[in-house]
$ cat coords14.json   # JSON, C-alpha atoms
[["chain", "number", "residue", "atom", "x", "y", "z"],
["A", 1, "MET", "CA", 109.20, 155.59, 3.61],
["A", 2, "SER", "CA", 108.79, 153.82, 0.26],
["A", 3, "PHE", "CA", 105.01, 154.22, -0.13],
["A", 4, "THR", "CA", 104.25, 157.39, -2.13],
["A", 5, "ARG", "CA", 101.07, 156.46, -3.97],
["A", 6, "LYS", "CA", 98.00, 158.67, -4.15],
["A", 7, "ASP", "CA", 95.66, 155.71, -3.75],
["A", 8, "LEU", "CA", 95.47, 152.30, -2.13],
["A", 9, "LEU", "CA", 93.61, 150.07, -4.57],
["A", 10, "GLY", "CA", 94.97, 146.58, -3.94],
["A", 11, "LEU", "CA", 97.99, 144.52, -2.95],
["A", 12, "GLU", "CA", 98.55, 142.78, -6.27],
["A", 13, "ASP", "CA", 100.40, 145.83, -7.62],
["A", 14, "LEU", "CA", 102.29, 146.74, -4.45],
["A", 15, "LYS", "CA", 105.95, 145.98, -3.86],
["A", 16, "ALA", "CA", 107.13, 144.14, -0.76],
["A", 17, "SER", "CA", 108.95, 147.29, 0.34],
["A", 18, "GLU", "CA", 105.68, 149.25, 0.21],
["A", 19, "ILE", "CA", 103.91, 146.67, 2.33],
["A", 20, "HIS", "CA", 106.81, 146.79, 4.79],
["A", 21, "SER", "CA", 106.43, 150.57, 5.05],
["A", 22, "ILE", "CA", 102.71, 150.32, 5.75],
["A", 23, "LEU", "CA", 103.13, 147.64, 8.41],
["A", 24, "ASP", "CA", 105.99, 149.45, 10.12],
["A", 25, "LEU", "CA", 104.04, 152.70, 10.25],
["A", 26, "ALA", "CA", 100.94, 150.90, 11.51],
["A", 27, "GLU", "CA", 103.05, 149.37, 14.27],
["A", 28, "SER", "CA", 104.10, 152.83, 15.41],
["A", 29, "PHE", "CA", 100.49, 154.08, 15.32],
["A", 30, "LYS", "CA", 99.35, 151.32, 17.70],
["A", 31, "GLU", "CA", 100.82, 153.31, 20.58],
["A", 32, "ILE", "CA", 98.42, 156.19, 19.91],
["A", 33, "ASN", "CA", 95.48, 153.86, 20.40],
["A", 34, "LEU", "CA", 96.69, 153.06, 23.93],
["A", 35, "ARG", "CA", 96.94, 156.66, 25.13],
["A", 36, "PRO", "CA", 94.37, 158.19, 27.51],
["A", 37, "ILE", "CA", 93.70, 160.82, 24.81],
["A", 38, "LYS", "CA", 93.75, 158.92, 21.54],
["A", 39, "LYS", "CA", 94.37, 161.75, 19.11],
["A", 40, "VAL", "CA", 97.24, 163.39, 17.25],
["A", 41, "PRO", "CA", 97.07, 166.43, 14.94],
["A", 42, "THR", "CA", 98.65, 164.67, 11.96],
["A", 43, "LEU", "CA", 95.73, 165.12, 9.53],
["A", 44, "ARG", "CA", 94.13, 168.20, 11.04],
["A", 45, "GLY", "CA", 92.23, 170.08, 8.35],
["A", 46, "LYS", "CA", 91.92, 167.04, 6.08],
["A", 47, "THR", "CA", 88.52, 165.65, 5.07],
["A", 48, "ILE", "CA", 87.75, 161.95, 4.59],
["A", 49, "ILE", "CA", 84.48, 160.66, 3.11],
["A", 50, "ASN", "CA", 83.35, 157.07, 3.73],
["A", 51, "LEU", "CA", 81.25, 155.96, 0.76],
["A", 52, "PHE", "CA", 79.95, 152.44, 1.35],
["A", 53, "TYR", "CA", 77.65, 150.84, -1.18],
["A", 54, "GLU", "CA", 77.65, 147.59, 0.82],
["A", 55, "PRO", "CA", 77.03, 146.86, 4.51],
["A", 56, "SER", "CA", 80.00, 147.11, 6.85],
["A", 57, "THR", "CA", 80.61, 147.24, 10.58],
["A", 58, "ARG", "CA", 84.32, 146.70, 11.26],
["A", 59, "THR", "CA", 85.81, 148.33, 8.16],
["A", 60, "LYS", "CA", 83.60, 151.42, 8.14],
["A", 61, "MET", "CA", 83.93, 152.10, 11.86],
["A", 62, "SER", "CA", 87.65, 151.37, 11.75],
["A", 63, "PHE", "CA", 88.27, 153.92, 9.00],
["A", 64, "ASP", "CA", 86.12, 156.47, 10.83],
["A", 65, "ILE", "CA", 87.98, 155.97, 14.12],
["A", 66, "ALA", "CA", 91.36, 155.95, 12.36],
["A", 67, "ALA", "CA", 90.65, 159.28, 10.66],
["A", 68, "LYS", "CA", 89.38, 160.90, 13.83],
["A", 69, "ARG", "CA", 92.43, 159.77, 15.80],
["A", 70, "LEU", "CA", 94.55, 161.58, 13.22],
["A", 71, "SER", "CA", 92.31, 164.66, 13.69],
["A", 72, "ALA", "CA", 90.76, 164.49, 10.21],
["A", 73, "ASP", "CA", 87.11, 165.41, 9.63],
["A", 74, "THR", "CA", 85.03, 162.43, 8.51],
["A", 75, "TYR", "CA", 81.66, 162.11, 6.80],
["A", 76, "SER", "CA", 79.81, 158.89, 6.03],
["A", 77, "ILE", "CA", 77.29, 158.54, 3.23],
["A", 78, "SER", "CA", 74.55, 155.94, 3.29],
["A", 79, "THR", "CA", 73.41, 154.83, -0.14],
["A", 80, "LYS", "CA", 69.85, 154.51, 1.16],
["A", 81, "THR", "CA", 69.59, 158.21, 2.05],
["A", 82, "SER", "CA", 71.59, 159.74, -0.80],
["A", 83, "SER", "CA", 70.87, 160.69, -4.42],
["A", 84, "MET", "CA", 72.03, 157.22, -5.45],
["A", 85, "VAL", "CA", 68.49, 155.97, -4.81],
["A", 86, "LYS", "CA", 67.33, 158.49, -7.42],
["A", 87, "GLY", "CA", 69.47, 156.92, -10.11],
["A", 88, "GLU", "CA", 72.63, 159.02, -9.85],
["A", 89, "THR", "CA", 75.65, 157.21, -11.27],
["A", 90, "LEU", "CA", 78.73, 156.36, -9.24],
["A", 91, "LEU", "CA", 80.88, 158.80, -11.22],
["A", 92, "ASP", "CA", 78.36, 161.64, -10.85],
["A", 93, "THR", "CA", 78.12, 160.98, -7.12],
["A", 94, "VAL", "CA", 81.86, 161.05, -6.64],
["A", 95, "LYS", "CA", 82.41, 164.02, -8.97],
["A", 96, "ASN", "CA", 79.93, 166.01, -6.90],
["A", 97, "LEU", "CA", 81.71, 164.97, -3.73],
["A", 98, "GLU", "CA", 85.05, 165.95, -5.27],
["A", 99, "ALA", "CA", 83.63, 169.42, -5.99],
["A", 100, "MET", "CA", 83.38, 169.89, -2.20],
["A", 101, "ASN", "CA", 87.17, 169.44, -1.96],
["A", 102, "PRO", "CA", 87.60, 166.44, 0.32],
["A", 103, "ASP", "CA", 91.05, 164.86, 0.50],
["A", 104, "ALA", "CA", 90.09, 161.20, 0.20],
["A", 105, "ILE", "CA", 87.18, 158.88, -0.43],
["A", 106, "VAL", "CA", 87.13, 155.47, 1.21],
["A", 107, "ILE", "CA", 84.88, 153.33, -0.98],
["A", 108, "ARG", "CA", 83.30, 149.89, -0.76],
["A", 109, "HIS", "CA", 81.44, 148.80, -3.87],
["A", 110, "SER", "CA", 79.94, 145.60, -5.23],
["A", 111, "ALA", "CA", 81.58, 146.08, -8.64],
["A", 112, "SER", "CA", 85.10, 144.69, -8.92],
["A", 113, "GLY", "CA", 87.42, 147.44, -10.12],
["A", 114, "ALA", "CA", 85.21, 150.37, -9.11],
["A", 115, "PRO", "CA", 87.94, 152.03, -6.96],
["A", 116, "HIS", "CA", 90.50, 151.67, -9.77],
["A", 117, "TRP", "CA", 88.07, 153.20, -12.26],
["A", 118, "LEU", "CA", 87.46, 156.17, -9.98],
["A", 119, "ALA", "CA", 91.14, 156.66, -9.13],
["A", 120, "SER", "CA", 91.98, 157.06, -12.80],
["A", 121, "ARG", "CA", 89.41, 159.87, -13.12],
["A", 122, "LEU", "CA", 89.86, 161.83, -9.88],
["A", 123, "ASP", "CA", 92.63, 163.87, -8.32],
["A", 124, "LEU", "CA", 91.74, 163.07, -4.71],
["A", 125, "SER", "CA", 92.89, 159.88, -2.98],
["A", 126, "ILE", "CA", 90.80, 156.72, -3.39],
["A", 127, "ILE", "CA", 91.12, 153.97, -0.79],
["A", 128, "ASN", "CA", 89.63, 150.58, -1.55],
["A", 129, "ALA", "CA", 87.56, 149.24, 1.35],
["A", 130, "GLY", "CA", 86.50, 146.21, -0.68],
["A", 131, "ASP", "CA", 85.46, 145.93, -4.33],
["A", 132, "GLY", "CA", 83.25, 143.05, -5.35],
["A", 133, "MET", "CA", 85.13, 139.76, -5.38],
["A", 134, "HIS", "CA", 88.41, 141.50, -6.23],
["A", 135, "GLU", "CA", 90.38, 142.82, -3.24],
["A", 136, "HIS", "CA", 90.15, 144.09, 0.34],
["A", 137, "PRO", "CA", 93.68, 145.44, 0.84],
["A", 138, "THR", "CA", 93.39, 146.94, 4.31],
["A", 139, "GLN", "CA", 91.99, 143.68, 5.70],
["A", 140, "ALA", "CA", 94.99, 141.77, 4.37],
["A", 141, "LEU", "CA", 97.36, 144.39, 5.78],
["A", 142, "LEU", "CA", 95.85, 144.12, 9.25],
["A", 143, "ASP", "CA", 96.00, 140.33, 8.95],
["A", 144, "MET", "CA", 99.70, 140.53, 8.10],
["A", 145, "LEU", "CA", 100.35, 142.92, 10.98],
["A", 146, "THR", "CA", 98.63, 140.53, 13.40],
["A", 147, "ILE", "CA", 100.61, 137.54, 12.13],
["A", 148, "ARG", "CA", 103.89, 139.45, 12.29],
["A", 149, "GLN", "CA", 103.25, 140.52, 15.87],
["A", 150, "HIS", "CA", 102.72, 136.93, 16.98],
["A", 151, "LYS", "CA", 105.25, 135.14, 14.81],
["A", 152, "GLY", "CA", 107.87, 137.87, 14.51],
["A", 153, "LYS", "CA", 107.97, 137.43, 10.73],
["A", 154, "LEU", "CA", 105.97, 136.59, 7.64],
["A", 155, "ASP", "CA", 108.74, 135.10, 5.52],
["A", 156, "GLY", "CA", 108.73, 131.30, 5.57],
["A", 157, "LEU", "CA", 105.38, 130.86, 7.32],
["A", 158, "THR", "CA", 102.63, 128.63, 5.95],
["A", 159, "VAL", "CA", 99.23, 130.33, 5.93],
["A", 160, "ALA", "CA", 96.15, 128.27, 5.10],
["A", 161, "ILE", "CA", 93.06, 130.15, 3.93],
["A", 162, "ILE", "CA", 90.03, 127.91, 4.39],
["A", 163, "GLY", "CA", 86.52, 128.41, 3.07],
["A", 164, "ASP", "CA", 84.75, 130.22, 0.26],
["A", 165, "ILE", "CA", 87.81, 131.31, -1.72],
["A", 166, "SER", "CA", 85.97, 132.09, -4.96],
["A", 167, "HIS", "CA", 83.84, 134.88, -3.52],
["A", 168, "SER", "CA", 86.40, 136.26, -1.07],
["A", 169, "ARG", "CA", 88.21, 139.54, -1.74],
["A", 170, "VAL", "CA", 89.97, 138.97, 1.60],
["A", 171, "ALA", "CA", 91.47, 135.75, 0.25],
["A", 172, "ARG", "CA", 92.75, 137.44, -2.89],
["A", 173, "SER", "CA", 94.40, 140.32, -1.06],
["A", 174, "ASN", "CA", 96.00, 137.94, 1.43],
["A", 175, "ILE", "CA", 97.28, 135.66, -1.32],
["A", 176, "TRP", "CA", 98.99, 138.57, -3.06],
["A", 177, "GLY", "CA", 100.19, 140.30, 0.09],
["A", 178, "LEU", "CA", 101.45, 137.30, 2.04],
["A", 179, "SER", "CA", 103.22, 135.78, -0.95],
["A", 180, "LYS", "CA", 105.05, 139.06, -1.62],
["A", 181, "MET", "CA", 106.25, 138.96, 1.98],
["A", 182, "GLY", "CA", 107.65, 135.45, 1.57],
["A", 183, "ALA", "CA", 104.88, 133.36, 3.12],
["A", 184, "ASN", "CA", 103.65, 130.11, 1.63],
["A", 185, "VAL", "CA", 99.90, 130.46, 1.02],
["A", 186, "ILE", "CA", 97.60, 127.47, 0.65],
["A", 187, "VAL", "CA", 93.88, 127.72, -0.07],
["A", 188, "CYS", "CA", 91.48, 125.01, 1.00],
["A", 189, "GLY", "CA", 87.78, 124.58, 0.35],
["A", 190, "PRO", "CA", 85.18, 122.71, -1.65],
["A", 191, "PRO", "CA", 86.07, 122.39, -5.36],
["A", 192, "THR", "CA", 83.00, 124.51, -6.19],
["A", 193, "MET", "CA", 84.50, 127.37, -4.12],
["A", 194, "ILE", "CA", 87.99, 127.49, -5.61],
["A", 195, "PRO", "CA", 88.40, 130.26, -8.24],
["A", 196, "LYS", "CA", 88.80, 129.18, -11.85],
["A", 197, "ASP", "CA", 91.76, 131.54, -12.17],
["A", 198, "ILE", "CA", 93.56, 130.20, -9.11],
["A", 199, "ASP", "CA", 96.48, 129.10, -11.32],
["A", 200, "ARG", "CA", 97.48, 132.72, -11.90],
["A", 201, "MET", "CA", 97.74, 133.41, -8.17],
["A", 202, "PRO", "CA", 100.82, 132.60, -6.07],
["A", 203, "THR", "CA", 99.17, 129.88, -3.97],
["A", 204, "GLU", "CA", 98.71, 126.13, -3.67],
["A", 205, "VAL", "CA", 95.35, 124.37, -3.55],
["A", 206, "THR", "CA", 94.22, 121.50, -1.34],
["A", 207, "TYR", "CA", 90.83, 120.02, -0.53],
["A", 208, "ASN", "CA", 91.99, 118.14, 2.58],
["A", 209, "VAL", "CA", 91.31, 120.34, 5.59],
["A", 210, "GLU", "CA", 92.73, 117.87, 8.16],
["A", 211, "GLU", "CA", 96.02, 117.67, 6.31],
["A", 212, "VAL", "CA", 96.51, 121.41, 5.97],
["A", 213, "ILE", "CA", 95.61, 121.98, 9.62],
["A", 214, "SER", "CA", 98.44, 119.66, 10.65],
["A", 215, "TYR", "CA", 101.24, 121.80, 9.21],
["A", 216, "ALA", "CA", 99.94, 125.37, 8.82],
["A", 217, "ASP", "CA", 101.29, 128.14, 11.06],
["A", 218, "VAL", "CA", 98.16, 130.21, 10.53],
["A", 219, "LEU", "CA", 94.58, 129.16, 9.79],
["A", 220, "MET", "CA", 92.58, 131.97, 8.20],
["A", 221, "ILE", "CA", 88.91, 131.00, 8.20],
["A", 222, "LEU", "CA", 86.42, 132.55, 5.78],
["A", 223, "ARG", "CA", 82.64, 132.62, 5.93],
["A", 224, "LEU", "CA", 80.39, 131.43, 3.16],
["A", 225, "GLN", "CA", 79.45, 134.54, 1.19],
["A", 226, "LYS", "CA", 75.94, 133.50, 0.30],
["A", 227, "GLU", "CA", 75.09, 137.03, -0.88],
["A", 228, "ARG", "CA", 77.55, 136.63, -3.77],
["A", 229, "GLN", "CA", 76.76, 133.03, -4.68],
["A", 230, "LYS", "CA", 74.55, 132.82, -7.76],
["A", 231, "ASP", "CA", 74.51, 129.02, -7.90],
["A", 232, "VAL", "CA", 73.94, 126.27, -5.35],
["A", 233, "LEU", "CA", 77.50, 125.28, -4.45],
["A", 234, "LEU", "CA", 76.86, 123.07, -1.41],
["A", 235, "PRO", "CA", 74.35, 120.42, -0.38],
["A", 236, "SER", "CA", 73.76, 122.26, 2.94],
["A", 237, "LEU", "CA", 75.43, 124.37, 5.61],
["A", 238, "ARG", "CA", 75.50, 121.33, 7.87],
["A", 239, "GLU", "CA", 77.40, 119.38, 5.23],
["A", 240, "TYR", "CA", 79.89, 122.22, 4.78],
["A", 241, "SER", "CA", 80.44, 122.44, 8.53],
["A", 242, "ARG", "CA", 81.00, 118.69, 8.73],
["A", 243, "LEU", "CA", 83.60, 118.70, 5.95],
["A", 244, "TYR", "CA", 85.34, 122.06, 6.42],
["A", 245, "GLY", "CA", 84.26, 123.59, 9.72],
["A", 246, "ILE", "CA", 87.09, 124.32, 12.18],
["A", 247, "THR", "CA", 86.27, 122.56, 15.43],
["A", 248, "PRO", "CA", 88.20, 121.74, 18.63],
["A", 249, "GLU", "CA", 88.47, 118.15, 17.43],
["A", 250, "ARG", "CA", 90.15, 119.19, 14.19],
["A", 251, "LEU", "CA", 92.50, 121.52, 16.05],
["A", 252, "THR", "CA", 93.98, 118.62, 17.99],
["A", 253, "LYS", "CA", 96.07, 118.00, 14.86],
["A", 254, "ALA", "CA", 97.31, 121.60, 14.65],
["A", 255, "LYS", "CA", 100.61, 123.07, 15.77],
["A", 256, "GLN", "CA", 100.79, 124.15, 19.39],
["A", 257, "ASP", "CA", 101.32, 127.78, 18.39],
["A", 258, "VAL", "CA", 98.84, 127.93, 15.50],
["A", 259, "LEU", "CA", 96.96, 131.20, 14.98],
["A", 260, "ILE", "CA", 93.24, 131.20, 14.26],
["A", 261, "MET", "CA", 92.07, 134.20, 12.20],
["A", 262, "HIS", "CA", 88.76, 135.34, 10.71],
["A", 263, "PRO", "CA", 87.95, 138.62, 8.93],
["A", 264, "GLY", "CA", 84.37, 138.64, 10.23],
["A", 265, "PRO", "CA", 81.49, 138.54, 10.36],
["A", 266, "ILE", "CA", 81.57, 135.05, 11.87],
["A", 267, "ASN", "CA", 78.91, 132.44, 11.22],
["A", 268, "ARG", "CA", 79.35, 130.47, 14.43],
["A", 269, "GLY", "CA", 78.78, 126.79, 14.08],
["A", 270, "VAL", "CA", 79.23, 126.88, 10.30],
["A", 271, "GLU", "CA", 82.82, 127.67, 9.27],
["A", 272, "ILE", "CA", 84.10, 127.89, 12.85],
["A", 273, "SER", "CA", 82.84, 126.64, 16.19],
["A", 274, "PRO", "CA", 82.33, 129.06, 19.09],
["A", 275, "GLU", "CA", 84.95, 127.20, 21.12],
["A", 276, "VAL", "CA", 87.57, 127.87, 18.45],
["A", 277, "ALA", "CA", 86.51, 131.45, 17.73],
["A", 278, "ASP", "CA", 86.79, 132.31, 21.43],
["A", 279, "GLY", "CA", 89.61, 129.90, 22.23],
["A", 280, "PRO", "CA", 93.28, 130.38, 23.15],
["A", 281, "TYR", "CA", 94.54, 130.20, 19.55],
["A", 282, "SER", "CA", 92.17, 132.90, 18.30],
["A", 283, "VAL", "CA", 93.49, 136.36, 17.44],
["A", 284, "ILE", "CA", 90.24, 137.54, 15.83],
["A", 285, "LEU", "CA", 89.71, 140.53, 18.12],
["A", 286, "GLU", "CA", 93.36, 141.48, 17.75],
["A", 287, "GLN", "CA", 92.75, 141.68, 14.02],
["A", 288, "VAL", "CA", 89.98, 144.20, 14.67],
["A", 289, "ASN", "CA", 92.24, 146.19, 16.98],
["A", 290, "ASN", "CA", 95.04, 146.24, 14.44],
["A", 291, "GLY", "CA", 92.63, 147.42, 11.76],
["A", 292, "VAL", "CA", 92.53, 150.89, 13.30],
["A", 293, "ALA", "CA", 96.32, 151.24, 13.26],
["A", 294, "VAL", "CA", 96.60, 149.94, 9.69],
["A", 295, "ARG", "CA", 93.95, 152.35, 8.44],
["A", 296, "MET", "CA", 95.62, 155.21, 10.29],
["A", 297, "ALA", "CA", 98.80, 154.35, 8.39],
["A", 298, "ILE", "CA", 97.00, 154.22, 5.04],
["A", 299, "LEU", "CA", 95.27, 157.54, 5.60],
["A", 300, "TYR", "CA", 98.55, 159.15, 6.63],
["A", 301, "LEU", "CA", 100.44, 157.80, 3.63],
["A", 302, "THR", "CA", 97.81, 158.68, 1.02],
["A", 303, "VAL", "CA", 96.36, 161.90, 2.43],
["A", 304, "GLY", "CA", 99.34, 163.24, 4.37],
["A", 305, "SER", "CA", 102.40, 164.92, 2.95],
["A", 306, "VAL", "CA", 104.24, 161.66, 2.23],
["A", 307, "GLY", "CA", 101.48, 160.37, -0.02],
["A", 308, "LYS", "CA", 101.44, 163.62, -2.02],
["A", 309, "GLN", "CA", 105.00, 163.38, -3.32],
["A", 310, "GLU", "CA", 103.97, 161.95, -6.69]]
$ encode --input "coords14.json" --output "structure tokens"
Amino acid sequence: MSFTRKDLLGLEDLKASEIHSILDLAESFKEINLRPIKKVPTLRGKTIINLFYEPSTRTKMSFDIAAKRLSADTYSISTKTSSMVKGETLLDTVKNLEAMNPDAIVIRHSASGAPHWLASRLDLSIINAGDGMHEHPTQALLDMLTIRQHKGKLDGLTVAIIGDISHSRVARSNIWGLSKMGANVIVCGPPTMIPKDIDRMPTEVTYNVEEVISYADVLMILRLQKERQKDVLLPSLREYSRLYGITPERLTKAKQDVLIMHPGPINRGVEISPEVADGPYSVILEQVNNGVAVRMAILYLTVGSVGKQE
């Protein structure tokens, strides 16, 4: 097992061998989720705190279920009912939590780099569940696991990420992770939604959605993150859907074995039509299922004995 880090902060700094180790372990953990009694004693006696400063359904529940299936104790903190509403700083909050001797904090925060900043100041494990517009590493890992299960590989595949690239931490983690695993990543979206620093990322850029649909092995659809958009970047949602929405008509140009992916939540009828989201090419619910196994693997590697070798 080549992953021996205390924290999981992003995929940009991971080696391909480390990603391989995570995916292989996650694959083995999938079997636990199919048992009548879905629990093993692997992390018995360990304590995991979910600290989410932003709303979450899939990621938060997935981490909670993953920890419980490994027999860890879990506690979730809502920012609305904690001392954060009284003005307590992030560092003070986490330092006080650390004083209670948990083994890991899973954190989602609106500030890019917040998990990295905490990891450099704390001895316990920090797991990034999404930081601002920076990264969402476990989402990219579950995406890669889903692709690998269907395609048998990642190397040599063409993955098109379509939508609001600028504001998407999912896009960034997938660009770094997939490229390290040998995939060809192409981002597609309106010019106003392509990051200014896209040249430093290992990806190609296109604005022609019909063209990229015709040759991509995987179409990863992103929602418009209106909560992060400070400027008006589109004439209207209807216009965006007309130009970039993934519809059954557009999919007639796709490969017969194309995969349709979406990290959720879905805005049906905007970036993807209901017929496509629920159609035969969609693996969206498989992504959610794989998220539990991936997060089990991350918790084991960072909190368990393997992750404590450093």
$ closest_residue --input "coords14.json" --among "A:Pro274, A:Pro280, A:Gly163, A:Gly245" --to "Ile260 (chain A)" --atoms "all atoms listed in the file"
A:Pro280
$ residues_around --input "coords14.json" --residues "Met133 (chain A)" --least-positions-apart "6" --cutoff "12 Å" --atoms "all atoms listed in the file" --output "VMD selection string"
chain A and resid 108 to 114 164 to 173 195 225 227 to 229
$ atom_distance --input "coords14.json" --atom1 "CA of Val106 (chain A)" --atom2 "CA of Ser76 (chain A)"
9.4 Å
$ closest_residue --input "coords14.json" --among "A:Glu12, A:Glu275, A:Asp217, A:Glu31" --to "Asn290 (chain A)" --atoms "all atoms listed in the file"
A:Glu31
$ residues_around --input "coords14.json" --residues "Gln139 (chain A)" --least-positions-apart "6" --cutoff "10 Å" --atoms "all atoms listed in the file" --output "short mmCIF file (atom, residue, chain, number, x, y, z; two decimals) with C-alpha atoms, in the coordinates of the input"
data_model
loop_
_atom_site.label_atom_id
_atom_site.label_comp_id
_atom_site.auth_asym_id
_atom_site.auth_seq_id
_atom_site.Cartn_x
_atom_site.Cartn_y
_atom_site.Cartn_z
CA ARG A 58 84.32 146.70 11.26
CA THR A 59 85.81 148.33 8.16
CA ALA A 129 87.56 149.24 1.35
CA GLY A 130 86.50 146.21 -0.68
CA LEU A 145 100.35 142.92 10.98
CA ARG A 169 88.21 139.54 -1.74
CA VAL A 170 89.97 138.97 1.60
CA ALA A 171 91.47 135.75 0.25
CA SER A 173 94.40 140.32 -1.06
CA ASN A 174 96.00 137.94 1.43
CA PRO A 263 87.95 138.62 8.93
CA GLN A 287 92.75 141.68 14.02
CA VAL A 288 89.98 144.20 14.67
CA ASN A 290 95.04 146.24 14.44
CA GLY A 291 92.63 147.42 11.76
CA VAL A 294 96.60 149.94 9.69
CA ARG A 295 93.95 152.35 8.44
#
$ closest_residue --input "coords14.json" --among "A:Val187, A:Ile175, A:Ile194, A:Ile126" --to "Leu9 (chain A)" --atoms "all atoms listed in the file"
A:Ile126
$ closest_residue --input "coords14.json" --among "A:Arg69, A:Glu18, A:Phe52, A:Pro41" --to "Met296 (chain A)" --atoms "only C-alpha atoms"
A:Arg69
$ closest_residue --input "coords14.json" --among "A:Gly156, A:Gly304, A:Met144, A:Thr252" --to "Val283 (chain A)" --atoms "only C-alpha atoms"
A:Met144
$ closest_residue --input "coords14.json" --among "A:Leu141, A:Tyr53, A:Met220, A:Leu259" --to "Ser21 (chain A)" --atoms "all atoms listed in the file"
A:Leu141
$ atom_distance --input "coords14.json" --atom1 "CA of Val212 (chain A)" --atom2 "CA of Ser179 (chain A)"
17.3 Å
$ atom_distance --input "coords14.json" --atom1 "CA of Ile105 (chain A)" --atom2 "CA of Asp7 (chain A)"
9.6 Å
$ residues_around --input "coords14.json" --residues "Glu98 (chain A)" --least-positions-apart "2" --cutoff "12 Å" --atoms "only C-alpha atoms" --output "compact mmCIF listing (two decimals) with C-alpha atoms, keeping the file's coordinate frame"
# COMPACT_ATOMS: atom_id res chain seq x y z
CA THR A 47 88.52 165.65 5.07
CA ILE A 48 87.75 161.95 4.59
CA ILE A 49 84.48 160.66 3.11
CA LEU A 91 80.88 158.80 -11.22
CA ASP A 92 78.36 161.64 -10.85
CA THR A 93 78.12 160.98 -7.12
CA VAL A 94 81.86 161.05 -6.64
CA LYS A 95 82.41 164.02 -8.97
CA ASN A 96 79.93 166.01 -6.90
CA MET A 100 83.38 169.89 -2.20
CA ASN A 101 87.17 169.44 -1.96
CA PRO A 102 87.60 166.44 0.32
CA ASP A 103 91.05 164.86 0.50
CA ALA A 104 90.09 161.20 0.20
CA ILE A 105 87.18 158.88 -0.43
CA LEU A 118 87.46 156.17 -9.98
CA ALA A 119 91.14 156.66 -9.13
CA ARG A 121 89.41 159.87 -13.12
CA LEU A 122 89.86 161.83 -9.88
CA ASP A 123 92.63 163.87 -8.32
CA LEU A 124 91.74 163.07 -4.71
CA SER A 125 92.89 159.88 -2.98
CA ILE A 126 90.80 156.72 -3.39
$ residues_around --input "coords14.json" --residues "Tyr207 (chain A)" --least-positions-apart "2" --cutoff "12 Å" --atoms "only C-alpha atoms" --output "list of chain:residue names"
A:Ala160, A:Ile161, A:Ile162, A:Gly163, A:Asp164, A:Ile165, A:Ile186, A:Val187, A:Cys188, A:Gly189, A:Pro190, A:Pro191, A:Thr192, A:Met193, A:Ile194, A:Glu204, A:Val205, A:Val209, A:Glu210, A:Glu211, A:Val212, A:Ile213, A:Leu243, A:Tyr244
$ write_last_selection --input "coords14.json" --atoms "C-alpha atoms" --output "CSV table (one decimal), in the coordinates of the input"
chain,number,residue,atom,x,y,z
A,160,ALA,CA,96.2,128.3,5.1
A,161,ILE,CA,93.1,130.2,3.9
A,162,ILE,CA,90.0,127.9,4.4
A,163,GLY,CA,86.5,128.4,3.1
A,164,ASP,CA,84.8,130.2,0.3
A,165,ILE,CA,87.8,131.3,-1.7
A,186,ILE,CA,97.6,127.5,0.6
A,187,VAL,CA,93.9,127.7,-0.1
A,188,CYS,CA,91.5,125.0,1.0
A,189,GLY,CA,87.8,124.6,0.4
A,190,PRO,CA,85.2,122.7,-1.6
A,191,PRO,CA,86.1,122.4,-5.4
A,192,THR,CA,83.0,124.5,-6.2
A,193,MET,CA,84.5,127.4,-4.1
A,194,ILE,CA,88.0,127.5,-5.6
A,204,GLU,CA,98.7,126.1,-3.7
A,205,VAL,CA,95.4,124.4,-3.6
A,209,VAL,CA,91.3,120.3,5.6
A,210,GLU,CA,92.7,117.9,8.2
A,211,GLU,CA,96.0,117.7,6.3
A,212,VAL,CA,96.5,121.4,6.0
A,213,ILE,CA,95.6,122.0,9.6
A,243,LEU,CA,83.6,118.7,6.0
A,244,TYR,CA,85.3,122.1,6.4
$ residues_around --input "coords14.json" --residues "Ile32 (chain A)" --least-positions-apart "6" --cutoff "12 Å" --atoms "only C-alpha atoms" --output "count of residues only"
17
